[in-house]
$ cat work-v8.pdb   # PDB, C-alpha atoms
ATOM      1  CA  MET F   1      88.827 -65.463  29.440
ATOM      2  CA  ARG F   2      90.679 -62.230  28.647
ATOM      3  CA  ARG F   3      87.852 -61.103  26.440
ATOM      4  CA  PHE F   4      85.441 -61.804  29.245
ATOM      5  CA  PHE F   5      87.549 -59.717  31.611
ATOM      6  CA  LEU F   6      87.618 -56.818  29.151
ATOM      7  CA  LEU F   7      83.853 -56.950  28.874
ATOM      8  CA  PHE F   8      83.593 -56.857  32.640
ATOM      9  CA  VAL F   9      85.849 -53.799  32.834
ATOM     10  CA  ILE F  10      83.813 -51.967  30.215
ATOM     11  CA  LEU F  11      80.523 -52.814  31.855
ATOM     12  CA  SER F  12      81.508 -52.111  35.453
ATOM     13  CA  SER F  13      80.257 -48.722  36.465
ATOM     14  CA  SER F  14      83.406 -47.725  38.328
ATOM     15  CA  SER F  15      85.443 -47.650  35.133
ATOM     16  CA  TRP F  16      83.190 -44.858  33.877
ATOM     17  CA  GLY F  17      84.118 -42.718  36.883
ATOM     18  CA  ALA F  18      83.473 -38.994  36.732
ATOM     19  CA  ILE F  19      84.032 -38.873  33.017
ATOM     20  CA  ASP F  20      80.789 -37.945  31.400
ATOM     21  CA  ALA F  21      80.669 -37.614  27.656
ATOM     22  CA  TYR F  22      79.242 -34.337  26.471
ATOM     23  CA  GLU F  23      78.675 -33.394  22.881
ATOM     24  CA  PHE F  24      79.562 -29.901  21.770
ATOM     25  CA  ARG F  25      78.665 -28.219  18.521
ATOM     26  CA  THR F  26      81.778 -26.083  18.368
ATOM     27  CA  PRO F  27      85.246 -26.230  19.943
ATOM     28  CA  VAL F  28      84.554 -22.793  21.468
ATOM     29  CA  GLU F  29      81.588 -24.223  23.312
ATOM     30  CA  GLU F  30      83.768 -26.986  24.687
ATOM     31  CA  ILE F  31      86.386 -24.492  25.887
ATOM     32  CA  ARG F  32      83.657 -22.421  27.539
ATOM     33  CA  PHE F  33      82.320 -25.559  29.238
ATOM     34  CA  HIS F  34      85.722 -26.362  30.678
ATOM     35  CA  GLU F  35      86.277 -22.794  31.801
ATOM     36  CA  LEU F  36      82.876 -22.548  33.471
ATOM     37  CA  THR F  37      83.108 -25.877  35.280
ATOM     38  CA  ALA F  38      86.580 -24.911  36.507
ATOM     39  CA  GLU F  39      85.261 -21.569  37.817
ATOM     40  CA  LEU F  40      82.260 -22.976  39.667
ATOM     41  CA  ARG F  41      82.735 -24.390  43.116
ATOM     42  CA  CYS F  42      81.068 -27.593  44.223
ATOM     43  CA  PRO F  43      78.674 -26.836  47.117
ATOM     44  CA  LYS F  44      79.087 -30.288  48.641
ATOM     45  CA  CYS F  45      82.826 -30.908  48.456
ATOM     46  CA  GLN F  46      83.806 -27.383  49.130
ATOM     47  CA  ASN F  47      87.398 -27.273  47.997
ATOM     48  CA  GLN F  48      86.868 -28.626  44.528
ATOM     49  CA  ASN F  49      85.377 -27.121  41.426
ATOM     50  CA  ILE F  50      82.554 -28.925  39.708
ATOM     51  CA  ALA F  51      84.875 -30.100  36.933
ATOM     52  CA  ASP F  52      87.068 -32.069  39.362
ATOM     53  CA  SER F  53      84.492 -33.250  41.828
ATOM     54  CA  ASP F  54      83.015 -36.717  41.845
ATOM     55  CA  ALA F  55      80.001 -35.741  43.975
ATOM     56  CA  PRO F  56      76.567 -36.368  42.437
ATOM     57  CA  ILE F  57      75.670 -32.698  42.828
ATOM     58  CA  ALA F  58      78.765 -31.702  40.818
ATOM     59  CA  LYS F  59      77.680 -34.085  38.105
ATOM     60  CA  ASP F  60      74.216 -32.498  38.074
ATOM     61  CA  LEU F  61      75.708 -29.037  37.863
ATOM     62  CA  ARG F  62      78.003 -30.056  34.998
ATOM     63  CA  ARG F  63      74.947 -31.367  33.184
ATOM     64  CA  GLU F  64      73.135 -28.077  33.817
ATOM     65  CA  VAL F  65      76.076 -26.045  32.528
ATOM     66  CA  HIS F  66      76.117 -28.191  29.411
ATOM     67  CA  ARG F  67      72.352 -27.901  28.939
ATOM     68  CA  LEU F  68      72.476 -24.101  29.254
ATOM     69  CA  LEU F  69      75.441 -23.878  26.875
ATOM     70  CA  ILE F  70      73.607 -25.896  24.248
ATOM     71  CA  GLN F  71      70.582 -23.634  24.717
ATOM     72  CA  GLY F  72      72.841 -20.731  23.804
ATOM     73  CA  ALA F  73      73.109 -19.046  27.209
ATOM     74  CA  ALA F  74      75.938 -16.562  27.736
ATOM     75  CA  ASP F  75      78.600 -17.253  30.369
ATOM     76  CA  SER F  76      77.181 -14.539  32.603
ATOM     77  CA  GLU F  77      73.705 -16.064  32.355
ATOM     78  CA  ILE F  78      75.029 -19.465  33.405
ATOM     79  CA  ILE F  79      76.894 -17.903  36.328
ATOM     80  CA  ASP F  80      73.720 -16.042  37.377
ATOM     81  CA  PHE F  81      71.721 -19.259  37.132
ATOM     82  CA  MET F  82      74.073 -20.915  39.621
ATOM     83  CA  VAL F  83      74.275 -17.919  41.953
ATOM     84  CA  THR F  84      70.484 -17.561  42.246
ATOM     85  CA  ARG F  85      70.315 -21.182  43.352
ATOM     86  CA  TYR F  86      73.479 -21.815  45.311
ATOM     87  CA  GLY F  87      74.512 -18.307  46.306
ATOM     88  CA  GLU F  88      77.775 -16.437  45.864
ATOM     89  CA  PHE F  89      79.480 -19.418  47.429
ATOM     90  CA  VAL F  90      79.700 -21.232  44.096
ATOM     91  CA  LEU F  91      81.938 -18.558  42.608
ATOM     92  CA  TYR F  92      85.646 -19.055  43.014
ATOM     93  CA  ARG F  93      86.028 -15.436  41.943
ATOM     94  CA  PRO F  94      83.449 -13.501  43.988
ATOM     95  CA  GLN F  95      81.668 -10.631  42.282
ATOM     96  CA  ILE F  96      82.786  -7.158  43.310
ATOM     97  CA  ASN F  97      80.175  -5.517  45.545
ATOM     98  CA  SER F  98      80.014  -3.718  48.875
ATOM     99  CA  GLN F  99      80.485  -6.991  50.771
ATOM    100  CA  THR F 100      83.478  -8.213  48.805
ATOM    101  CA  TRP F 101      85.177  -4.840  48.277
ATOM    102  CA  LEU F 102      87.577  -5.433  51.158
ATOM    103  CA  LEU F 103      88.397  -8.897  49.877
ATOM    104  CA  TRP F 104      89.312  -7.616  46.431
ATOM    105  CA  TYR F 105      91.054  -4.356  47.299
ATOM    106  CA  GLY F 106      92.179  -5.050  50.888
ATOM    107  CA  PRO F 107      95.566  -6.425  49.763
ATOM    108  CA  TYR F 108      96.248  -3.270  47.715
ATOM    109  CA  VAL F 109      95.309  -1.109  50.712
ATOM    110  CA  VAL F 110      97.734  -3.101  52.905
ATOM    111  CA  LEU F 111     100.412  -2.847  50.194
ATOM    112  CA  GLY F 112      99.919   0.924  49.980
ATOM    113  CA  PHE F 113     100.112   1.197  53.766
ATOM    114  CA  GLY F 114     103.373  -0.783  53.762
ATOM    115  CA  ALA F 115     104.807   1.449  51.047
ATOM    116  CA  ILE F 116     103.969   4.562  53.074
ATOM    117  CA  VAL F 117     105.631   3.080  56.176
ATOM    118  CA  ILE F 118     108.791   2.221  54.222
ATOM    119  CA  LEU F 119     108.929   5.674  52.628
ATOM    120  CA  LEU F 120     108.550   7.290  56.051
ATOM    121  CA  ILE F 121     111.403   5.188  57.491
ATOM    122  CA  VAL F 122     113.680   5.979  54.538
ATOM    123  CA  TYR F 123     112.838   9.664  54.719
ATOM    124  CA  THR F 124     113.479  10.018  58.458
ATOM    125  CA  ARG F 125     116.815   8.163  58.159
ATOM    126  CA  LYS F 126     117.947  10.447  55.358
ATOM    127  CA  ALA F 127     116.908  13.490  57.360
ATOM    128  CA  ASN F 128     118.903  12.221  60.364
ATOM    129  CA  ARG F 129     122.009  11.638  58.245
ATOM    130  CA  ARG F 130     121.800  15.183  56.888
ATOM    131  CA  VAL F 131     121.869  16.612  60.431
ATOM    132  CA  GLN F 132     124.899  14.596  61.585
ATOM    133  CA  PRO F 133     127.523  15.865  59.069
ATOM    134  CA  GLY F 134     126.481  19.419  59.990
ATOM    135  CA  ALA F 135     127.176  18.600  63.612
ATOM    136  CA  ARG F 136     130.669  17.378  62.755
ATOM    137  CA  GLN F 137     131.494  20.593  60.949
ATOM    138  CA  TYR F 138     131.320  22.417  64.234
ATOM    139  CA  GLU F 139     133.806  25.325  64.140
ATOM    140  CA  LEU F 140     136.161  25.784  67.104
ATOM    141  CA  THR F 141     136.253  29.156  68.768
ATOM    142  CA  PRO F 142     139.744  30.876  68.916
ATOM    143  CA  GLU F 143     140.009  30.049  72.636
ATOM    144  CA  GLU F 144     139.252  26.383  72.035
ATOM    145  CA  ARG F 145     141.756  26.272  69.173
ATOM    146  CA  ALA F 146     144.434  27.814  71.354
ATOM    147  CA  ARG F 147     143.716  25.263  74.095
ATOM    148  CA  LEU F 148     143.815  22.409  71.622
ATOM    149  CA  ASN F 149     147.152  23.587  70.205
ATOM    150  CA  ALA F 150     148.556  23.898  73.705
ATOM    151  CA  LEU F 151     147.507  20.372  74.511
ATOM    152  CA  LEU F 152     149.023  19.022  71.282
ATOM    153  CA  GLU F 153     152.284  20.818  71.856
ATOM    154  CA  LYS F 154     152.430  19.512  75.376
ATOM    155  CA  ASP F 155     151.897  16.036  74.043
ATOM    156  CA  ASN F 156     154.652  16.431  71.421
ATOM    157  CA  LYS F 157     157.189  17.612  74.014
ATOM    158  CA  GLU F 158     156.605  14.609  76.175
TER     159      GLU F 158
ATOM    160  CA  MET K   1     105.553  12.709  72.006
ATOM    161  CA  ARG K   2     107.418  10.892  69.228
ATOM    162  CA  LYS K   3     108.928   8.557  71.752
ATOM    163  CA  GLY K   4     105.453   7.795  73.072
ATOM    164  CA  VAL K   5     104.321   6.748  69.598
ATOM    165  CA  ARG K   6     107.435   4.582  69.196
ATOM    166  CA  LYS K   7     106.757   2.866  72.500
ATOM    167  CA  GLY K   8     103.167   2.224  71.453
ATOM    168  CA  LEU K   9     104.368   0.614  68.210
ATOM    169  CA  VAL K  10     106.244  -2.005  70.205
ATOM    170  CA  PHE K  11     102.895  -3.493  71.201
ATOM    171  CA  LEU K  12     101.546  -3.559  67.635
ATOM    172  CA  PRO K  13     102.734  -7.135  66.860
ATOM    173  CA  LEU K  14     101.147  -8.314  70.109
ATOM    174  CA  VAL K  15      97.853  -6.658  69.182
ATOM    175  CA  ILE K  16      97.989  -8.217  65.692
ATOM    176  CA  PHE K  17      98.790 -11.587  67.251
ATOM    177  CA  PHE K  18      95.771 -11.481  69.544
ATOM    178  CA  GLY K  19      93.565 -10.182  66.739
ATOM    179  CA  LEU K  20      94.541 -13.064  64.467
ATOM    180  CA  GLY K  21      94.302 -15.510  67.348
ATOM    181  CA  PHE K  22      90.759 -14.379  68.095
ATOM    182  CA  PHE K  23      89.545 -14.818  64.524
ATOM    183  CA  LEU K  24      91.246 -18.199  64.094
ATOM    184  CA  TRP K  25      89.815 -19.393  67.405
ATOM    185  CA  LYS K  26      86.383 -18.182  66.359
ATOM    186  CA  GLY K  27      86.783 -20.082  63.089
ATOM    187  CA  LEU K  28      87.166 -23.363  64.950
ATOM    188  CA  SER K  29      83.523 -23.304  66.010
ATOM    189  CA  LEU K  30      82.162 -22.359  62.571
ATOM    190  CA  ASP K  31      80.879 -25.055  60.242
ATOM    191  CA  PRO K  32      81.938 -24.232  56.688
ATOM    192  CA  ARG K  33      79.452 -26.748  55.327
ATOM    193  CA  GLU K  34      76.526 -24.680  56.589
ATOM    194  CA  LEU K  35      75.787 -22.478  53.614
ATOM    195  CA  PRO K  36      73.084 -19.850  53.780
ATOM    196  CA  SER K  37      70.409 -20.485  51.186
ATOM    197  CA  ALA K  38      70.389 -18.084  48.276
ATOM    198  CA  LEU K  39      66.594 -18.250  48.366
ATOM    199  CA  ILE K  40      65.895 -16.829  51.823
ATOM    200  CA  ASP K  41      62.914 -14.445  51.594
ATOM    201  CA  ARG K  42      62.337 -15.488  48.025
ATOM    202  CA  PRO K  43      59.306 -17.428  46.828
ATOM    203  CA  MET K  44      59.459 -21.190  46.585
ATOM    204  CA  PRO K  45      60.525 -22.012  42.996
ATOM    205  CA  ALA K  46      57.701 -23.006  40.667
ATOM    206  CA  PHE K  47      57.362 -26.691  39.871
ATOM    207  CA  GLU K  48      54.910 -29.215  38.563
ATOM    208  CA  LEU K  49      55.758 -32.685  39.741
ATOM    209  CA  PRO K  50      53.786 -35.831  40.555
ATOM    210  CA  SER K  51      52.822 -36.818  44.066
ATOM    211  CA  LEU K  52      54.644 -39.879  45.356
ATOM    212  CA  THR K  53      51.564 -41.267  47.069
ATOM    213  CA  ASP K  54      49.309 -40.675  44.065
ATOM    214  CA  PRO K  55      51.422 -40.400  40.863
ATOM    215  CA  ALA K  56      48.397 -39.469  38.752
ATOM    216  CA  ARG K  57      48.046 -36.207  40.666
ATOM    217  CA  SER K  58      50.513 -33.410  40.016
ATOM    218  CA  LEU K  59      51.590 -30.962  42.700
ATOM    219  CA  THR K  60      52.516 -27.291  42.288
ATOM    220  CA  VAL K  61      53.624 -24.449  44.541
ATOM    221  CA  ALA K  62      49.950 -23.700  45.258
ATOM    222  CA  ASP K  63      49.683 -26.998  47.140
ATOM    223  CA  LEU K  64      52.301 -25.861  49.658
ATOM    224  CA  LYS K  65      50.676 -22.519  50.470
ATOM    225  CA  GLY K  66      48.141 -21.788  53.180
ATOM    226  CA  GLU K  67      50.042 -22.191  56.403
ATOM    227  CA  ILE K  68      53.574 -22.125  57.690
ATOM    228  CA  ALA K  69      55.248 -25.453  57.067
ATOM    229  CA  LEU K  70      58.458 -27.405  56.887
ATOM    230  CA  VAL K  71      59.689 -28.689  53.551
ATOM    231  CA  ASN K  72      61.939 -31.674  54.024
ATOM    232  CA  VAL K  73      64.209 -32.950  51.249
ATOM    233  CA  TRP K  74      64.848 -36.662  51.673
ATOM    234  CA  ALA K  75      65.764 -39.866  49.872
ATOM    235  CA  THR K  76      66.080 -43.527  50.729
ATOM    236  CA  TRP K  77      69.789 -43.481  49.776
ATOM    237  CA  CYS K  78      70.498 -40.955  52.494
ATOM    238  CA  PRO K  79      71.370 -42.463  55.895
ATOM    239  CA  THR K  80      70.850 -39.209  57.805
ATOM    240  CA  CYS K  81      67.286 -39.067  56.465
ATOM    241  CA  LYS K  82      66.578 -42.338  58.218
ATOM    242  CA  GLU K  83      68.058 -40.902  61.395
ATOM    243  CA  GLU K  84      65.743 -37.907  61.422
ATOM    244  CA  HIS K  85      62.644 -39.723  60.183
ATOM    245  CA  ALA K  86      61.386 -40.779  63.628
ATOM    246  CA  PHE K  87      61.656 -37.205  64.823
ATOM    247  CA  LEU K  88      59.714 -35.936  61.802
ATOM    248  CA  ASN K  89      56.979 -38.435  62.668
ATOM    249  CA  GLU K  90      56.887 -36.992  66.173
ATOM    250  CA  LEU K  91      56.588 -33.451  64.802
ATOM    251  CA  ALA K  92      53.786 -34.491  62.480
ATOM    252  CA  GLU K  93      51.958 -35.979  65.444
ATOM    253  CA  GLN K  94      52.304 -32.651  67.235
ATOM    254  CA  GLY K  95      50.516 -31.052  64.286
ATOM    255  CA  VAL K  96      53.474 -29.526  62.404
ATOM    256  CA  VAL K  97      52.789 -29.419  58.669
ATOM    257  CA  ILE K  98      55.635 -31.101  56.801
ATOM    258  CA  TYR K  99      55.910 -31.446  53.052
ATOM    259  CA  GLY K 100      58.405 -33.907  51.652
ATOM    260  CA  ILE K 101      60.495 -33.678  48.529
ATOM    261  CA  ASN K 102      61.651 -37.128  47.533
ATOM    262  CA  TYR K 103      64.933 -36.137  45.916
ATOM    263  CA  LYS K 104      66.537 -38.219  43.150
ATOM    264  CA  ASP K 105      65.149 -41.464  44.445
ATOM    265  CA  GLU K 106      63.366 -44.531  43.193
ATOM    266  CA  PRO K 107      59.597 -44.181  43.779
ATOM    267  CA  VAL K 108      59.163 -47.875  44.628
ATOM    268  CA  LYS K 109      61.820 -47.710  47.342
ATOM    269  CA  ALA K 110      60.457 -44.419  48.626
ATOM    270  CA  THR K 111      56.914 -45.788  48.880
ATOM    271  CA  SER K 112      57.983 -48.864  50.800
ATOM    272  CA  TRP K 113      60.133 -46.667  53.082
ATOM    273  CA  LEU K 114      57.080 -44.600  53.995
ATOM    274  CA  GLN K 115      55.063 -47.748  54.644
ATOM    275  CA  ARG K 116      57.770 -49.137  56.843
ATOM    276  CA  TYR K 117      58.758 -46.015  58.793
ATOM    277  CA  LEU K 118      55.395 -44.177  58.590
ATOM    278  CA  ASN K 119      54.641 -41.052  56.612
ATOM    279  CA  PRO K 120      54.992 -37.709  58.407
ATOM    280  CA  TYR K 121      54.373 -35.720  55.217
ATOM    281  CA  LYS K 122      51.192 -33.953  54.199
ATOM    282  CA  GLU K 123      52.287 -34.299  50.583
ATOM    283  CA  VAL K 124      55.336 -35.882  49.039
ATOM    284  CA  ILE K 125      56.639 -34.296  45.859
ATOM    285  CA  LEU K 126      58.347 -36.779  43.596
ATOM    286  CA  ASP K 127      61.487 -35.043  42.314
ATOM    287  CA  LYS K 128      63.037 -37.956  40.506
ATOM    288  CA  GLU K 129      65.340 -35.916  38.268
ATOM    289  CA  GLY K 130      66.290 -33.480  41.006
ATOM    290  CA  SER K 131      65.011 -30.478  39.051
ATOM    291  CA  LEU K 132      63.194 -28.927  42.017
ATOM    292  CA  GLY K 133      66.215 -29.725  44.157
ATOM    293  CA  LEU K 134      68.377 -27.828  41.700
ATOM    294  CA  ASP K 135      66.067 -24.800  41.744
ATOM    295  CA  LEU K 136      66.124 -24.876  45.548
ATOM    296  CA  GLY K 137      69.898 -25.088  45.653
ATOM    297  CA  VAL K 138      69.843 -28.463  47.411
ATOM    298  CA  TYR K 139      73.360 -29.872  47.691
ATOM    299  CA  GLY K 140      72.830 -32.757  50.036
ATOM    300  CA  ALA K 141      69.908 -34.477  51.675
ATOM    301  CA  PRO K 142      68.459 -34.037  54.195
ATOM    302  CA  GLU K 143      67.653 -30.359  54.016
ATOM    303  CA  THR K 144      64.727 -28.722  55.735
ATOM    304  CA  TYR K 145      63.189 -25.395  54.753
ATOM    305  CA  ILE K 146      60.668 -23.239  56.546
ATOM    306  CA  ILE K 147      58.104 -21.721  54.192
ATOM    307  CA  ASP K 148      55.417 -19.300  55.293
ATOM    308  CA  ALA K 149      51.741 -19.267  54.314
ATOM    309  CA  GLN K 150      52.514 -17.325  51.123
ATOM    310  CA  GLY K 151      55.103 -19.883  50.069
ATOM    311  CA  THR K 152      58.121 -17.689  50.823
ATOM    312  CA  ILE K 153      61.245 -19.478  51.982
ATOM    313  CA  ARG K 154      62.258 -18.212  55.412
ATOM    314  CA  TYR K 155      64.988 -20.561  56.540
ATOM    315  CA  ARG K 156      67.069 -23.520  55.509
ATOM    316  CA  HIS K 157      68.655 -26.148  57.666
ATOM    317  CA  VAL K 158      71.164 -28.607  56.197
ATOM    318  CA  GLY K 159      71.466 -31.901  58.028
ATOM    319  CA  ALA K 160      69.212 -33.923  60.276
ATOM    320  CA  VAL K 161      66.430 -32.307  62.280
ATOM    321  CA  ASP K 162      66.636 -33.354  65.914
ATOM    322  CA  ALA K 163      65.308 -31.921  69.182
ATOM    323  CA  ASN K 164      68.067 -29.277  69.276
ATOM    324  CA  VAL K 165      67.544 -28.109  65.722
ATOM    325  CA  TRP K 166      63.799 -28.144  66.249
ATOM    326  CA  THR K 167      64.133 -25.631  69.102
ATOM    327  CA  ASP K 168      65.697 -23.203  66.622
ATOM    328  CA  LEU K 169      63.244 -24.020  63.859
ATOM    329  CA  ARG K 170      60.253 -23.575  66.150
ATOM    330  CA  ALA K 171      61.550 -20.194  67.333
ATOM    331  CA  ILE K 172      61.875 -19.050  63.716
ATOM    332  CA  MET K 173      58.417 -20.363  62.847
ATOM    333  CA  GLU K 174      56.878 -18.544  65.805
ATOM    334  CA  GLN K 175      58.681 -15.372  64.783
ATOM    335  CA  VAL K 176      57.448 -15.680  61.188
ATOM    336  CA  ASN K 177      53.925 -16.364  62.412
ATOM    337  CA  GLY K 178      54.076 -13.381  64.744
ATOM    338  CA  ALA K 179      55.224 -11.067  61.949
ATOM    339  CA  GLY K 180      52.604 -12.395  59.552
ATOM    340  CA  ALA K 181      49.647 -12.023  61.930
TER     341      ALA K 181
END
$ encode --input "work-v8.pdb" --output "structure tokens"
Amino acid sequence: MRRFFLLFVILSSSSWGAIDAYEFRTPVEEIRFHELTAELRCPKCQNQNIADSDAPIAKDLRREVHRLLIQGAADSEIIDFMVTRYGEFVLYRPQINSQTWLLWYGPYVVLGFGAIVILLIVYTRKANRRVQPGARQYELTPEERARLNALLEKDNKE
Amino acid sequence: MRKGVRKGLVFLPLVIFFGLGFFLWKGLSLDPRELPSALIDRPMPAFELPSLTDPARSLTVADLKGEIALVNVWATWCPTCKEEHAFLNELAEQGVVIYGINYKDEPVKATSWLQRYLNPYKEVILDKEGSLGLDLGVYGAPETYIIDAQGTIRYRHVGAVDANVWTDLRAIMEQVNGAGA
């Protein structure tokens, strides 16, 4: 009975899941396969890469990546193959061009802007502090000093 | 002057808030599943595949050229294809040229489907392995493309074609026809 059950498990299609067996000639090829399938986005289930996705289209794309790898295509050729068919959408790391420039460098621009604002605030505060000690060193005129002394003396007598 | 600038800065967070609010609100009505085709204004990919109705005959891009047409990707395993099928029949009756791509399907099932629900297609390309689908960037049936007389892809719609979608498609087809004439 147990043997029968085991046979059933092996034969049932669900136990095969999304694991497809691919043969690679070299370990490097296998690493490249895993890197590429992790970099490519599944067009159907949009928040998964094709390595993780169970969708039939992801399976097809994995098979294509494998086929191209075996044919000796370079990584960039495989990426281009996918982009010409599915558009820039399939790239988790969009290529740098006029449309994606803001996406790539926008954060650095914002960071630079923030740095300038902080520097300006620090600078103006420092400048203000430099003025204030000068104001405290205000020298009394002889008349003022005489008046001050008179007041102090008056205070002491009382 | 400086004070004026300072006072203006007070409203900056409010402006940023409304700016962000606008874009997020706008995003609610966008469908992220609608991807633009990478093949717009590019020729239909070359293929040589059998006809579903007559497997001995093979079809190529040349068979799709000649007049503006719809290319509909469908399969019997796709419930939405069944939904739109009656409407495609209606369009065919009106004289719209529709080519079908039977995508990753079983020919026997596909043939009986067409017998049962009628055949709106001028030709049905049998893409059993999904190779043409891959070249087209198909990621889910049904998809409907507009191709012009020269076989250039002009538009792609993902999802069922209904009366609403057809209004858009017809406008695009008329525009393409107008530009071509």
$ resolve_selection --input "work-v8.pdb" --expression "the PyMOL selection byres ((chain K) within 10 of (chain F))" --output "mmCIF file with C-alpha atoms, in the frame of the given file"
data_model
loop_
_atom_site.group_PDB
_atom_site.id
_atom_site.type_symbol
_atom_site.label_atom_id
_atom_site.label_comp_id
_atom_site.auth_asym_id
_atom_site.auth_seq_id
_atom_site.Cartn_x
_atom_site.Cartn_y
_atom_site.Cartn_z
ATOM 1 C CA PRO K 32 81.938 -24.232 56.688
ATOM 2 C CA ARG K 33 79.452 -26.748 55.327
ATOM 3 C CA GLU K 34 76.526 -24.680 56.589
ATOM 4 C CA LEU K 35 75.787 -22.478 53.614
ATOM 5 C CA PRO K 36 73.084 -19.850 53.780
ATOM 6 C CA SER K 37 70.409 -20.485 51.186
ATOM 7 C CA ALA K 38 70.389 -18.084 48.276
ATOM 8 C CA LEU K 39 66.594 -18.250 48.366
ATOM 9 C CA PRO K 45 60.525 -22.012 42.996
ATOM 10 C CA GLU K 129 65.340 -35.916 38.268
ATOM 11 C CA GLY K 130 66.290 -33.480 41.006
ATOM 12 C CA SER K 131 65.011 -30.478 39.051
ATOM 13 C CA GLY K 133 66.215 -29.725 44.157
ATOM 14 C CA LEU K 134 68.377 -27.828 41.700
ATOM 15 C CA ASP K 135 66.067 -24.800 41.744
ATOM 16 C CA LEU K 136 66.124 -24.876 45.548
ATOM 17 C CA GLY K 137 69.898 -25.088 45.653
ATOM 18 C CA VAL K 138 69.843 -28.463 47.411
ATOM 19 C CA TYR K 139 73.360 -29.872 47.691
ATOM 20 C CA GLY K 140 72.830 -32.757 50.036
#
$ residues_around --input "work-v8.pdb" --residues "Ala110 in chain K" --least-positions-apart "5" --cutoff "12 Å" --atoms "only C-alpha atoms" --output "number ranges by chain"
K: 51-53, 74-78, 81-82, 100-105, 115-119, 124-128
$ residues_around --input "work-v8.pdb" --residues "Arg67 in chain F" --least-positions-apart "6" --cutoff "12 Å" --atoms "all atoms listed in the file" --output "ChimeraX atom specification"
/F:22-24,29,33,60-61,73-74,78,81
$ resolve_selection --input "work-v8.pdb" --expression "the PyMOL selection byres ((chain F and resi 41) around 6)" --output "list in words"
Leu40, Cys42, Asn49, Ile50, Val90 and Leu91 of chain F
$ write_last_selection --input "work-v8.pdb" --atoms "C-alpha atoms" --output "compact mmCIF listing (two decimals), in the frame of the given file"
# COMPACT_ATOMS: atom_id res chain seq x y z
CA LEU F 40 82.26 -22.98 39.67
CA CYS F 42 81.07 -27.59 44.22
CA ASN F 49 85.38 -27.12 41.43
CA ILE F 50 82.55 -28.92 39.71
CA VAL F 90 79.70 -21.23 44.10
CA LEU F 91 81.94 -18.56 42.61
$ resolve_selection --input "work-v8.pdb" --expression "the PyMOL selection byres ((chain K and resi 59-66) around 12)" --output "number ranges by chain"
K: 43-58, 67-71, 97-101, 121-127, 132, 146-153
$ residues_around --input "work-v8.pdb" --residues "Asp168 in chain K" --least-positions-apart "4" --cutoff "12 Å" --atoms "all atoms listed in the file" --output "PyMOL selection string"
chain K and resi 146+155-157+161-164+172-175
$ closest_residue --input "work-v8.pdb" --among "K:Glu106, K:Pro120, K:Thr80, K:Phe22" --to "Glu93 in chain K" --atoms "all atoms listed in the file"
K:Pro120
